[in-house]
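First comes the structure, then the notes that go with it.
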Amino acid sequence: MTKLTSCTRLFVIVLAASSLLLGVSTTATAGTTVNVNFGFSGQSTPQEYTGLGVAPDAGGNTFWHFVNDGNLTQSNLEASDGSTPTTIGFSLTGLDNDVPYHLGPAGISLYQLGFRNNQYGSQGTLTINGLDNSKTYDVYAYSQVNHSNPAIDLRGGTFTIGGTSHTASATPQNHSTFEEGVNYVKFPSVAPSSSEITVTISNHLPQGGVNGWVLNAFQVQEVPEPSTIALGIAGLLAAC
(Lines give C-alpha, C1' and ligand atoms only; values in the text may rest on other atoms or scores of the structure.)
Protein backbone atom coordinates (compact mmCIF):
# COMPACT_ATOMS: atom_id res chain seq x y z
CA MET A 1 0.00 0.00 0.00
CA THR A 2 2.83 2.35 0.86
CA LYS A 3 4.57 1.62 -2.43
CA LEU A 4 1.38 2.34 -4.37
CA THR A 5 1.00 5.67 -2.59
CA SER A 6 4.60 6.58 -3.32
CA CYS A 7 4.21 5.72 -6.97
CA THR A 8 0.99 7.70 -7.16
CA ARG A 9 2.78 10.73 -5.75
CA LEU A 10 5.66 10.14 -8.15
CA PHE A 11 3.23 9.97 -11.05
CA VAL A 12 1.85 13.40 -10.13
CA ILE A 13 5.39 14.79 -9.99
CA VAL A 14 6.20 13.21 -13.35
CA LEU A 15 3.12 14.77 -14.93
CA ALA A 16 4.16 18.18 -13.69
CA ALA A 17 7.74 17.68 -14.89
CA SER A 18 6.50 16.43 -18.27
CA SER A 19 4.35 19.52 -18.70
CA LEU A 20 7.34 21.70 -17.91
CA LEU A 21 9.49 19.72 -20.31
CA LEU A 22 6.97 20.05 -23.11
CA GLY A 23 6.73 23.78 -22.50
CA VAL A 24 10.49 24.16 -22.72
CA SER A 25 10.96 21.93 -25.76
CA THR A 26 8.44 23.65 -28.03
CA THR A 27 11.22 25.91 -29.32
CA ALA A 28 13.50 22.98 -30.11
CA THR A 29 11.24 20.42 -31.74
CA ALA A 30 13.52 19.77 -34.69
CA GLY A 31 17.18 19.22 -35.38
CA THR A 32 19.23 20.49 -38.31
CA THR A 33 17.21 20.62 -41.54
CA VAL A 34 18.52 20.77 -45.11
CA ASN A 35 16.12 21.66 -47.95
CA VAL A 36 16.73 21.03 -51.66
CA ASN A 37 14.42 21.93 -54.54
CA PHE A 38 15.05 21.04 -58.16
CA GLY A 39 14.66 23.87 -60.62
CA PHE A 40 14.92 24.18 -64.36
CA SER A 41 18.23 25.23 -65.88
CA GLY A 42 16.46 26.74 -68.89
CA GLN A 43 14.74 29.42 -66.87
CA SER A 44 15.99 32.86 -67.87
CA THR A 45 15.87 33.78 -64.19
CA PRO A 46 16.26 30.78 -61.84
CA GLN A 47 13.29 30.52 -59.55
CA GLU A 48 13.73 29.15 -56.05
CA TYR A 49 11.11 27.87 -53.67
CA THR A 50 11.18 29.84 -50.40
CA GLY A 51 8.15 28.52 -48.53
CA LEU A 52 7.85 26.03 -45.71
CA GLY A 53 7.96 22.33 -46.41
CA VAL A 54 6.46 19.49 -44.41
CA ALA A 55 9.45 19.02 -42.10
CA PRO A 56 8.78 21.07 -38.95
CA ASP A 57 11.33 23.88 -38.76
CA ALA A 58 11.52 25.26 -35.22
CA GLY A 59 12.78 28.62 -36.46
CA GLY A 60 10.33 28.92 -39.34
CA ASN A 61 13.27 29.05 -41.78
CA THR A 62 12.50 28.83 -45.50
CA PHE A 63 15.89 28.63 -47.23
CA TRP A 64 16.04 26.00 -50.00
CA HIS A 65 19.00 25.10 -52.18
CA PHE A 66 18.16 25.64 -55.84
CA VAL A 67 19.54 22.73 -57.88
CA ASN A 68 19.49 22.36 -61.65
CA ASP A 69 20.93 19.73 -63.98
CA GLY A 70 24.43 21.15 -63.71
CA ASN A 71 24.96 20.49 -59.99
CA LEU A 72 23.40 17.17 -59.04
CA THR A 73 26.28 16.29 -56.72
CA GLN A 74 26.78 18.64 -53.80
CA SER A 75 28.32 18.66 -50.33
CA ASN A 76 28.41 20.80 -47.17
CA LEU A 77 25.00 22.32 -47.76
CA GLU A 78 23.75 25.09 -45.51
CA ALA A 79 20.92 24.40 -43.10
CA SER A 80 17.41 25.80 -43.55
CA ASP A 81 18.43 29.17 -42.08
CA GLY A 82 20.67 29.71 -45.11
CA SER A 83 23.83 30.32 -43.08
CA THR A 84 24.62 27.43 -40.72
CA PRO A 85 27.08 25.04 -42.40
CA THR A 86 26.49 21.28 -42.32
CA THR A 87 28.36 18.24 -43.60
CA ILE A 88 25.27 17.04 -45.46
CA GLY A 89 25.35 16.61 -49.23
CA PHE A 90 23.69 14.51 -51.92
CA SER A 91 23.94 13.02 -55.38
CA LEU A 92 21.14 12.12 -57.79
CA THR A 93 21.54 9.65 -60.65
CA GLY A 94 19.29 7.75 -63.04
CA LEU A 95 17.36 10.66 -64.52
CA ASP A 96 16.98 11.49 -68.17
CA ASN A 97 15.71 15.05 -68.39
CA ASP A 98 14.30 18.05 -66.64
CA VAL A 99 11.56 20.35 -67.83
CA PRO A 100 10.00 23.58 -66.65
CA TYR A 101 6.75 23.14 -64.82
CA HIS A 102 4.84 26.28 -65.61
CA LEU A 103 1.68 24.96 -67.25
CA GLY A 104 0.17 23.27 -64.20
CA PRO A 105 -2.58 24.65 -61.99
CA ALA A 106 -1.92 27.33 -59.41
CA GLY A 107 -0.91 26.12 -55.97
CA ILE A 108 2.28 25.28 -54.11
CA SER A 109 5.09 26.67 -56.27
CA LEU A 110 7.42 23.86 -55.14
CA TYR A 111 5.61 21.71 -57.72
CA GLN A 112 5.76 24.35 -60.45
CA LEU A 113 9.40 25.42 -60.61
CA GLY A 114 10.92 22.29 -62.11
CA PHE A 115 11.66 18.65 -61.37
CA ARG A 116 13.92 15.70 -62.14
CA ASN A 117 12.52 12.58 -63.75
CA ASN A 118 13.01 9.44 -65.78
CA GLN A 119 10.25 8.61 -68.21
CA TYR A 120 11.79 5.48 -69.74
CA GLY A 121 11.52 2.95 -66.93
CA SER A 122 14.90 3.23 -65.20
CA GLN A 123 15.26 3.68 -61.45
CA GLY A 124 16.75 6.77 -59.88
CA THR A 125 19.05 6.90 -56.87
CA LEU A 126 19.16 9.76 -54.38
CA THR A 127 22.12 9.37 -52.03
CA ILE A 128 22.14 11.69 -49.01
CA ASN A 129 25.63 11.76 -47.53
CA GLY A 130 27.70 13.45 -44.83
CA LEU A 131 25.35 12.20 -42.12
CA ASP A 132 26.17 11.31 -38.51
CA ASN A 133 25.98 7.55 -37.95
CA SER A 134 25.09 8.11 -34.28
CA LYS A 135 21.89 9.98 -35.23
CA THR A 136 18.69 9.24 -37.11
CA TYR A 137 17.00 11.40 -39.74
CA ASP A 138 13.54 12.06 -41.13
CA VAL A 139 13.57 12.06 -44.93
CA TYR A 140 10.87 13.76 -47.03
CA ALA A 141 10.59 13.43 -50.82
CA TYR A 142 8.21 15.56 -52.90
CA SER A 143 6.80 14.05 -56.08
CA GLN A 144 3.99 15.29 -58.30
CA VAL A 145 3.84 16.70 -61.78
CA ASN A 146 1.12 17.67 -64.21
CA HIS A 147 3.16 19.40 -66.86
CA SER A 148 0.65 19.70 -69.65
CA ASN A 149 -2.06 17.08 -69.83
CA PRO A 150 -3.25 15.24 -66.71
CA ALA A 151 -4.66 12.45 -68.86
CA ILE A 152 -1.18 11.36 -69.92
CA ASP A 153 1.32 13.30 -67.82
CA LEU A 154 0.20 13.14 -64.20
CA ARG A 155 2.75 11.15 -62.19
CA GLY A 156 4.55 10.80 -58.88
CA GLY A 157 6.92 8.06 -57.79
CA THR A 158 7.67 5.18 -55.44
CA PHE A 159 10.50 5.74 -52.98
CA THR A 160 12.37 2.99 -51.14
CA ILE A 161 14.81 3.09 -48.23
CA GLY A 162 16.01 -0.32 -47.11
CA GLY A 163 12.99 -2.59 -47.22
CA THR A 164 10.42 0.19 -46.82
CA SER A 165 8.62 1.77 -49.77
CA HIS A 166 6.20 4.70 -49.94
CA THR A 167 4.39 6.01 -53.01
CA ALA A 168 3.32 9.53 -53.95
CA SER A 169 0.34 8.64 -56.13
CA ALA A 170 -0.11 12.12 -57.66
CA THR A 171 -3.86 11.48 -57.57
CA PRO A 172 -6.09 13.14 -56.75
CA GLN A 173 -4.34 16.12 -58.24
CA ASN A 174 -3.76 18.61 -55.45
CA HIS A 175 -1.28 21.44 -55.24
CA SER A 176 -2.94 23.61 -52.64
CA THR A 177 -1.75 21.49 -49.70
CA PHE A 178 0.97 18.98 -48.95
CA GLU A 179 -0.61 15.53 -48.68
CA GLU A 180 1.37 12.49 -47.61
CA GLY A 181 0.97 9.67 -50.11
CA VAL A 182 -0.29 12.09 -52.74
CA ASN A 183 2.46 14.64 -53.40
CA TYR A 184 5.09 13.68 -50.84
CA VAL A 185 6.34 10.73 -48.81
CA LYS A 186 8.04 10.58 -45.41
CA PHE A 187 10.53 8.13 -43.92
CA PRO A 188 10.84 8.71 -40.15
CA SER A 189 13.93 8.08 -38.04
CA VAL A 190 16.17 6.54 -40.70
CA ALA A 191 19.58 5.40 -39.50
CA PRO A 192 22.46 6.14 -41.91
CA SER A 193 24.87 3.46 -43.06
CA SER A 194 28.46 4.61 -43.66
CA SER A 195 27.17 8.19 -43.21
CA GLU A 196 24.68 7.78 -46.07
CA ILE A 197 20.99 7.19 -46.70
CA THR A 198 20.16 5.75 -50.12
CA VAL A 199 16.73 6.39 -51.62
CA THR A 200 15.70 4.37 -54.68
CA ILE A 201 13.10 6.04 -56.91
CA SER A 202 10.88 3.85 -59.07
CA ASN A 203 8.14 4.51 -61.60
CA HIS A 204 4.56 4.97 -60.53
CA LEU A 205 1.87 5.19 -63.17
CA PRO A 206 -1.47 6.46 -61.82
CA GLN A 207 -2.72 7.25 -65.32
CA GLY A 208 -1.72 6.22 -68.83
CA GLY A 209 0.98 7.73 -70.95
CA VAL A 210 4.37 8.39 -69.43
CA ASN A 211 5.92 5.55 -67.44
CA GLY A 212 8.16 7.61 -65.20
CA TRP A 213 9.03 8.93 -61.77
CA VAL A 214 9.34 12.52 -60.57
CA LEU A 215 11.37 14.18 -57.82
CA ASN A 216 10.56 17.82 -57.18
CA ALA A 217 12.41 18.32 -53.89
CA PHE A 218 13.57 16.66 -50.69
CA GLN A 219 14.24 17.51 -47.05
CA VAL A 220 16.45 15.72 -44.54
CA GLN A 221 16.06 16.56 -40.85
CA GLU A 222 18.06 15.35 -37.87
CA VAL A 223 15.87 13.72 -35.22
CA PRO A 224 16.58 15.31 -31.83
CA GLU A 225 17.96 13.02 -29.15
CA PRO A 226 15.80 12.44 -26.04
CA SER A 227 16.64 14.99 -23.37
CA THR A 228 18.30 13.94 -20.13
CA ILE A 229 15.16 15.12 -18.30
CA ALA A 230 12.96 12.80 -20.33
CA LEU A 231 15.33 9.91 -19.75
CA GLY A 232 15.30 10.64 -16.03
CA ILE A 233 11.50 10.61 -15.96
CA ALA A 234 11.47 7.27 -17.76
CA GLY A 235 13.87 5.90 -15.19
CA LEU A 236 11.70 7.05 -12.29
CA LEU A 237 8.62 5.44 -13.80
CA ALA A 238 10.51 2.21 -14.38
CA ALA A 239 11.42 2.10 -10.71
CA CYS A 240 7.73 1.80 -9.83
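Each chain of the C-alpha coordinates is named A, B, ... in the order shown, its residues numbered from 1; ligands are numbered from 1 in display order.
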
As a count of residues only, which residues of range 27-222 of chain A does DSSP assign to strand (DSSP E)?
67

Determine, for each residue of range 86-195 of chain A having at least one atom at most 6 Å from an atom of range 215-223 of chain A, the closest pair of atoms and their separation in Å to one decimal, counting only C-alpha atoms; order by chain and ascending number, as a Markdown table.
```
| residue | atom | partner | partner_atom | distance |
| --- | --- | --- | --- | --- |
| A:Phe115 | CA | A:Asn216 | CA | 4.4 |
| A:Arg116 | CA | A:Leu215 | CA | 5.2 |
| A:Thr136 | CA | A:Val223 | CA | 5.6 |
| A:Tyr137 | CA | A:Glu222 | CA | 4.5 |
| A:Asp138 | CA | A:Gln221 | CA | 5.2 |
| A:Val139 | CA | A:Val220 | CA | 4.7 |
| A:Tyr140 | CA | A:Gln219 | CA | 5.0 |
| A:Ala141 | CA | A:Phe218 | CA | 4.4 |
| A:Tyr142 | CA | A:Ala217 | CA | 5.1 |
| A:Ser143 | CA | A:Leu215 | CA | 4.9 |
```

Excluding same-chain residues fewer than 4 positions from Ser83 in chain A, what lies within 12 Å of it counting only C-alpha atoms, as a PyMOL selection string?
chain A and resi 32-34+61-65+76-79

Residues from last step as file, N, CA, C and O atoms, as a PDB file, in the first residue's frame:
```
ATOM      1  N   THR A  32      18.766  19.841 -37.084  1.00  0.00           N
ATOM      2  CA  THR A  32      19.229  20.485 -38.312  1.00  0.00           C
ATOM      3  C   THR A  32      18.423  19.999 -39.515  1.00  0.00           C
ATOM      4  O   THR A  32      18.183  18.806 -39.681  1.00  0.00           O
ATOM      5  N   THR A  33      17.996  20.935 -40.343  1.00  0.00           N
ATOM      6  CA  THR A  33      17.212  20.618 -41.536  1.00  0.00           C
ATOM      7  C   THR A  33      17.920  21.154 -42.769  1.00  0.00           C
ATOM      8  O   THR A  33      18.395  22.289 -42.773  1.00  0.00           O
ATOM      9  N   VAL A  34      17.984  20.337 -43.814  1.00  0.00           N
ATOM     10  CA  VAL A  34      18.519  20.770 -45.110  1.00  0.00           C
ATOM     11  C   VAL A  34      17.426  20.589 -46.155  1.00  0.00           C
ATOM     12  O   VAL A  34      16.809  19.518 -46.251  1.00  0.00           O
ATOM     13  N   ASN A  61      12.349  28.691 -40.687  1.00  0.00           N
ATOM     14  CA  ASN A  61      13.268  29.047 -41.779  1.00  0.00           C
ATOM     15  C   ASN A  61      12.779  28.488 -43.110  1.00  0.00           C
ATOM     16  O   ASN A  61      12.212  27.397 -43.171  1.00  0.00           O
ATOM     17  N   THR A  62      13.027  29.216 -44.190  1.00  0.00           N
ATOM     18  CA  THR A  62      12.501  28.829 -45.504  1.00  0.00           C
ATOM     19  C   THR A  62      13.568  28.826 -46.597  1.00  0.00           C
ATOM     20  O   THR A  62      13.256  28.994 -47.774  1.00  0.00           O
ATOM     21  N   PHE A  63      14.832  28.646 -46.211  1.00  0.00           N
ATOM     22  CA  PHE A  63      15.888  28.627 -47.232  1.00  0.00           C
ATOM     23  C   PHE A  63      15.963  27.248 -47.876  1.00  0.00           C
ATOM     24  O   PHE A  63      16.106  26.233 -47.192  1.00  0.00           O
ATOM     25  N   TRP A  64      15.897  27.227 -49.218  1.00  0.00           N
ATOM     26  CA  TRP A  64      16.044  25.999 -49.998  1.00  0.00           C
ATOM     27  C   TRP A  64      17.200  26.161 -50.970  1.00  0.00           C
ATOM     28  O   TRP A  64      17.385  27.220 -51.571  1.00  0.00           O
ATOM     29  N   HIS A  65      17.945  25.104 -51.173  1.00  0.00           N
ATOM     30  CA  HIS A  65      19.003  25.096 -52.182  1.00  0.00           C
ATOM     31  C   HIS A  65      18.368  24.869 -53.555  1.00  0.00           C
ATOM     32  O   HIS A  65      17.653  23.886 -53.768  1.00  0.00           O
ATOM     33  N   ASN A  76      28.332  19.700 -48.143  1.00  0.00           N
ATOM     34  CA  ASN A  76      28.414  20.796 -47.167  1.00  0.00           C
ATOM     35  C   ASN A  76      27.340  21.861 -47.409  1.00  0.00           C
ATOM     36  O   ASN A  76      27.619  23.055 -47.480  1.00  0.00           O
ATOM     37  N   LEU A  77      26.112  21.402 -47.522  1.00  0.00           N
ATOM     38  CA  LEU A  77      24.998  22.315 -47.765  1.00  0.00           C
ATOM     39  C   LEU A  77      24.637  23.083 -46.495  1.00  0.00           C
ATOM     40  O   LEU A  77      24.765  22.563 -45.387  1.00  0.00           O
ATOM     41  N   GLU A  78      24.189  24.319 -46.656  1.00  0.00           N
ATOM     42  CA  GLU A  78      23.753  25.094 -45.507  1.00  0.00           C
ATOM     43  C   GLU A  78      22.408  24.572 -44.992  1.00  0.00           C
ATOM     44  O   GLU A  78      21.619  24.008 -45.735  1.00  0.00           O
ATOM     45  N   ALA A  79      22.178  24.788 -43.709  1.00  0.00           N
ATOM     46  CA  ALA A  79      20.916  24.398 -43.097  1.00  0.00           C
ATOM     47  C   ALA A  79      19.796  25.327 -43.567  1.00  0.00           C
ATOM     48  O   ALA A  79      20.027  26.264 -44.339  1.00  0.00           O
TER      49      ALA A  79
END
```

Please provide the set of residues having any atom within 7 Å of range 159-163 of chain A, restricted to only C-alpha atoms, with same-chain residues fewer than 2 positions apart removed, written as a PyMOL selection string.
chain A and resi 157+165-167+198-202

Restricting the calculation to only C-alpha atoms, which member of A:Asn183, A:Ser169, A:Asn37, A:Ser91 is positioned closest to Asn129 in chain A?
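Looking at the shortest contact to Asn129 in chain A, the residue is A:Ser91.
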
Here CA of Gln173 in chain A and CA of Tyr111 in chain A stand apart by 11.4 Å

Return the single residue from A:Pro188, A:Gly130, A:Gly51, A:Gly124 that is closest to Thr87 in chain A, with distances computed using only C-alpha atoms.
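When distances to Thr87 in chain A are compared using only C-alpha atoms, the smallest one comes from A:Gly130.
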